[in-house]
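Asks: The following block contains the structure, expressed as C-alpha cells.
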Amino acid sequence: MTSPLESAVLKYLRELSPESRSRIVAAFSKEVDEFAHLVSRIVEALQRYHAQNKMHDENNPKEAAFSLMTKGANTLVAGFELAIGGYMWEPPILFRSALEGFAVAWDLVHNPERFKLWKKRKKFESTHSISNLKKEIEPVGKMYGYLSNMHVHTGPINSSPPMLNEEKFQFFGLLSAGNEELRKGEVFFALLAAHVCLQLTELVFHKYAVDLETIQKIPGTDTVRNVVSERHRPFIEASMAHFRAMAEGKVL
C-alpha cells in the first residue's frame, strides 16, 4: 500500500515537476534561448571536426579534446535542465564538472607535456588543467573556485536546504507559482559556464566553427583575443548585476 508521502512524491514526479518546469522556462524564455544558442555553437564546431576527421588518431590531442567536449556539452545541458527544473544546489555541481572537462580538453591541445601525461593514464591531475587555464583566462580560476567551495565541497556554508522563504523549505525542484525568480542565479550561471565552454571550444576547434562567437583573430598574427558579442553582452551584464546584488545581500 502506497503511503501518503510516497503518493506525494509520485505526484511531484508525474504532475507537479513538469508544470513547475514549464513556468520556470517561461519566466526565463530569453535565457533559455541564449543557452540553446551557446550550446548549439559548441556542438556545431565539434560535429564539423568529427565529420572531417573520421579516422581516430590516438596521438592527436584534438581527438581527446573532441571526446571531452562532447561529454561536457551533455553535462552543461544536464545542469541546465536541473536549473530550469527548479533545483538550487545541484546544477552548479554539473557546471563545475563541465568546466573541468573543457579545461582539460584545452590543456591537452595547448600543452604537449600534459598530453603525454594523459596518454600514460596515470598521475594526471585535472585540477592542474584549471591552473594552466586560469593563467590565460583569469576568471576561470575564480569561477572554478566558487563552484568547488560553494557547491562541491561540503561545509557549513552550503549545508542548508533550499528555501522558498524564511520559513518554508523547498522540496525537490518544485517551485510554487510566483517563485520562479528564485532560480535566476542558477540560470545566469549556466549562461556564464556555457559561454566559457564555448570559448574553450573555439580556442581548440576554431577552424571548424562557422563563425567565431567568443574569440577574435588579431590580423597578421596567430593570436586571438577574447570578445563578447553584442547579442550576449546584455546577459553578461544582467548576470553580473545579479551576482553583485547577491554578494551585497540584496537578493537571495
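So you can find residues: chains in the C-alpha cells are A, B, ... in the order shown, residues in each start at 1, and ligands are numbered from 1 in order.
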Hey, what's within 12 Å of Thr127 of chain A if we count only C-alpha atoms and toss same-chain stuff fewer than 6 positions away? As a ChimeraX atom specification, please?
Replies: /A:96-97,99-104,107,114,133-134,140-141,144-145,148
Asks: Next, write the just-selected residues to a file, as a compact mmCIF listing (two decimals), in the first residue's frame, keeping all heavy atoms as the atom set.
Replies:
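Saved as selection32.txt:
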```txt
# COMPACT_ATOMS: atom_id res chain seq x y z
N ARG A 96 30.51 22.74 -12.80
CA ARG A 96 31.93 22.58 -12.44
C ARG A 96 32.53 21.40 -13.19
O ARG A 96 33.66 21.49 -13.71
CB ARG A 96 32.07 22.36 -10.93
CG ARG A 96 33.52 22.11 -10.47
CD ARG A 96 33.50 21.72 -9.00
NE ARG A 96 34.82 21.54 -8.42
CZ ARG A 96 35.49 20.38 -8.41
NH1 ARG A 96 34.96 19.31 -8.98
NH2 ARG A 96 36.67 20.30 -7.83
N SER A 97 31.79 20.30 -13.25
CA SER A 97 32.29 19.13 -13.96
C SER A 97 32.51 19.44 -15.44
O SER A 97 33.53 19.05 -16.03
CB SER A 97 31.30 17.97 -13.81
OG SER A 97 31.72 16.83 -14.54
N LEU A 99 33.03 22.44 -16.80
CA LEU A 99 34.14 23.38 -16.92
C LEU A 99 35.48 22.66 -16.82
O LEU A 99 36.41 22.94 -17.58
CB LEU A 99 34.03 24.44 -15.83
CG LEU A 99 35.13 25.51 -15.78
CD1 LEU A 99 35.15 26.30 -17.08
CD2 LEU A 99 34.91 26.44 -14.59
N GLU A 100 35.58 21.71 -15.90
CA GLU A 100 36.82 20.97 -15.73
C GLU A 100 37.13 20.14 -16.97
O GLU A 100 38.28 20.07 -17.42
CB GLU A 100 36.71 20.07 -14.50
CG GLU A 100 38.02 19.39 -14.12
CD GLU A 100 37.93 18.70 -12.77
OE1 GLU A 100 37.73 19.41 -11.75
OE2 GLU A 100 38.03 17.47 -12.74
N GLY A 101 36.10 19.52 -17.53
CA GLY A 101 36.31 18.72 -18.74
C GLY A 101 36.78 19.56 -19.92
O GLY A 101 37.70 19.17 -20.66
N PHE A 102 36.16 20.72 -20.12
CA PHE A 102 36.57 21.61 -21.21
C PHE A 102 37.97 22.15 -20.97
O PHE A 102 38.75 22.33 -21.92
CB PHE A 102 35.57 22.76 -21.36
CG PHE A 102 34.37 22.42 -22.18
CD1 PHE A 102 33.28 21.77 -21.61
CD2 PHE A 102 34.30 22.74 -23.52
CE1 PHE A 102 32.16 21.45 -22.36
CE2 PHE A 102 33.19 22.42 -24.29
CZ PHE A 102 32.11 21.78 -23.71
N ALA A 103 38.31 22.42 -19.70
CA ALA A 103 39.65 22.91 -19.37
C ALA A 103 40.70 21.86 -19.68
O ALA A 103 41.78 22.18 -20.23
CB ALA A 103 39.71 23.30 -17.89
N VAL A 104 40.43 20.61 -19.36
CA VAL A 104 41.37 19.53 -19.67
C VAL A 104 41.54 19.41 -21.18
O VAL A 104 42.66 19.26 -21.68
CB VAL A 104 40.89 18.19 -19.07
CG1 VAL A 104 41.73 17.03 -19.60
CG2 VAL A 104 40.97 18.23 -17.54
N ASP A 107 43.75 22.10 -22.35
CA ASP A 107 45.10 21.87 -21.84
C ASP A 107 45.83 20.83 -22.68
O ASP A 107 47.02 20.98 -23.00
CB ASP A 107 45.00 21.42 -20.38
CG ASP A 107 46.32 21.50 -19.64
OD1 ASP A 107 47.21 22.26 -20.08
OD2 ASP A 107 46.45 20.83 -18.61
N ARG A 114 51.41 17.85 -21.10
CA ARG A 114 50.20 17.38 -20.41
C ARG A 114 49.55 16.23 -21.20
O ARG A 114 49.02 15.29 -20.62
CB ARG A 114 49.21 18.53 -20.25
CG ARG A 114 49.67 19.59 -19.27
CD ARG A 114 49.51 19.14 -17.84
NE ARG A 114 48.11 19.14 -17.45
CZ ARG A 114 47.62 18.48 -16.41
NH1 ARG A 114 48.41 17.74 -15.67
NH2 ARG A 114 46.34 18.55 -16.11
N LEU A 133 44.89 26.89 -17.25
CA LEU A 133 43.93 27.71 -17.99
C LEU A 133 43.75 29.09 -17.38
O LEU A 133 43.64 30.08 -18.10
CB LEU A 133 42.59 26.98 -18.05
CG LEU A 133 41.44 27.72 -18.76
CD1 LEU A 133 41.81 28.04 -20.20
CD2 LEU A 133 40.16 26.89 -18.70
N LYS A 134 43.73 29.17 -16.06
CA LYS A 134 43.47 30.46 -15.44
C LYS A 134 44.61 31.45 -15.66
O LYS A 134 44.42 32.65 -15.48
CB LYS A 134 43.17 30.29 -13.96
CG LYS A 134 44.33 29.89 -13.08
CD LYS A 134 43.87 29.74 -11.64
CE LYS A 134 45.01 29.38 -10.70
NZ LYS A 134 44.54 29.21 -9.30
N VAL A 140 38.38 32.13 -14.98
CA VAL A 140 38.09 30.70 -14.85
C VAL A 140 38.48 30.20 -13.46
O VAL A 140 37.75 29.40 -12.86
CB VAL A 140 38.83 29.90 -15.94
CG1 VAL A 140 38.79 28.40 -15.62
CG2 VAL A 140 38.19 30.14 -17.29
N GLY A 141 39.60 30.66 -12.95
CA GLY A 141 40.03 30.22 -11.63
C GLY A 141 39.05 30.60 -10.54
O GLY A 141 38.73 29.79 -9.67
N TYR A 144 35.81 28.46 -11.00
CA TYR A 144 36.03 27.08 -10.56
C TYR A 144 36.13 27.01 -9.04
O TYR A 144 35.58 26.10 -8.41
CB TYR A 144 37.29 26.53 -11.21
CG TYR A 144 37.54 25.07 -10.93
CD1 TYR A 144 36.88 24.09 -11.67
CD2 TYR A 144 38.45 24.67 -9.96
CE1 TYR A 144 37.12 22.74 -11.43
CE2 TYR A 144 38.69 23.33 -9.71
CZ TYR A 144 38.02 22.37 -10.45
OH TYR A 144 38.25 21.04 -10.20
N GLY A 145 36.82 27.98 -8.46
CA GLY A 145 36.95 28.01 -7.00
C GLY A 145 35.61 28.19 -6.32
O GLY A 145 35.31 27.52 -5.31
N SER A 148 33.62 24.96 -6.60
CA SER A 148 34.17 23.92 -5.73
C SER A 148 33.81 24.17 -4.27
O SER A 148 33.27 23.31 -3.58
CB SER A 148 35.70 23.86 -5.89
OG SER A 148 36.05 23.53 -7.21
```
Asks: Show which residues sit within 8 Å of segment 171-176 of chain A, as a PyMOL selection string. Count only C-alpha atoms, and ignore same-chain residues fewer than 2 positions away.
Replies: chain A and resi 12+16-17+20+82+85-88+162+164+169+178-180
Asks: I'd like to know which of A:Gly249, A:Asn111, A:Pro18, A:Ile93 is closest to Asn149 of chain A, using only C-alpha atoms.
Replies: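 Closest candidate: A:Ile93.
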Asks: Under the rule that only C-alpha atoms are counted, which of A:Ala64, A:Val210, A:Ala26, A:Leu191 is the nearest residue to Trp118 of chain A?
Replies: A:Ala64
Asks: Near segment 220-236 of chain A, counting only C-alpha atoms, which residues have an atom at most 8 Å away, once you skip same-chain residues fewer than 5 positions from it, shown as an MDAnalysis selection string?
Replies: chainID A and resid 31 34 188 191:192 213:215
Asks: I need the residues in segment 21-212 of chain A that are helix (DSSP H, G or I) according to DSSP; give them as a PyMOL selection string.
Replies: chain A and resi 21-27+29-52+61-84+90-110+112-119+126-134+139-152+156-158+180-208
Asks: Do you know which residues are at most 12 Å from Glu44 of chain A counting only C-alpha atoms, after dropping those on the same chain fewer than 2 positions away, and could you put them as a list in words?
Replies: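 Listing them by chain and then by number gives Ala36, His37, Leu38, Val39, Ser40, Arg41, Ile42, Leu46, Gln47, Arg48, Tyr49, His50, Ala51, Phe66, Met69, Thr70, Ala73, Leu198, Thr201, Glu202, Phe205, His206, Lys207, Tyr208, Ala209, Val210, Asp211 and Leu212 of chain A.
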Asks: Between atom CA of Gln199 of chain A and atom CA of Val25 of chain A, what is the spacing in Å?
Replies: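 Value for the atom CA of Val25 of chain A-atom CA of Gln199 of chain A distance: 25.2 Å.
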Asks: Would you list the contacts of Phe35 of chain A as a ChimeraX atom specification, taking every protein, DNA or RNA residue within 9 Å and counting only C-alpha atoms, but skipping same-chain residues closer than 6 positions in sequence?
Replies: /A:77,80,187,190-191,194-195
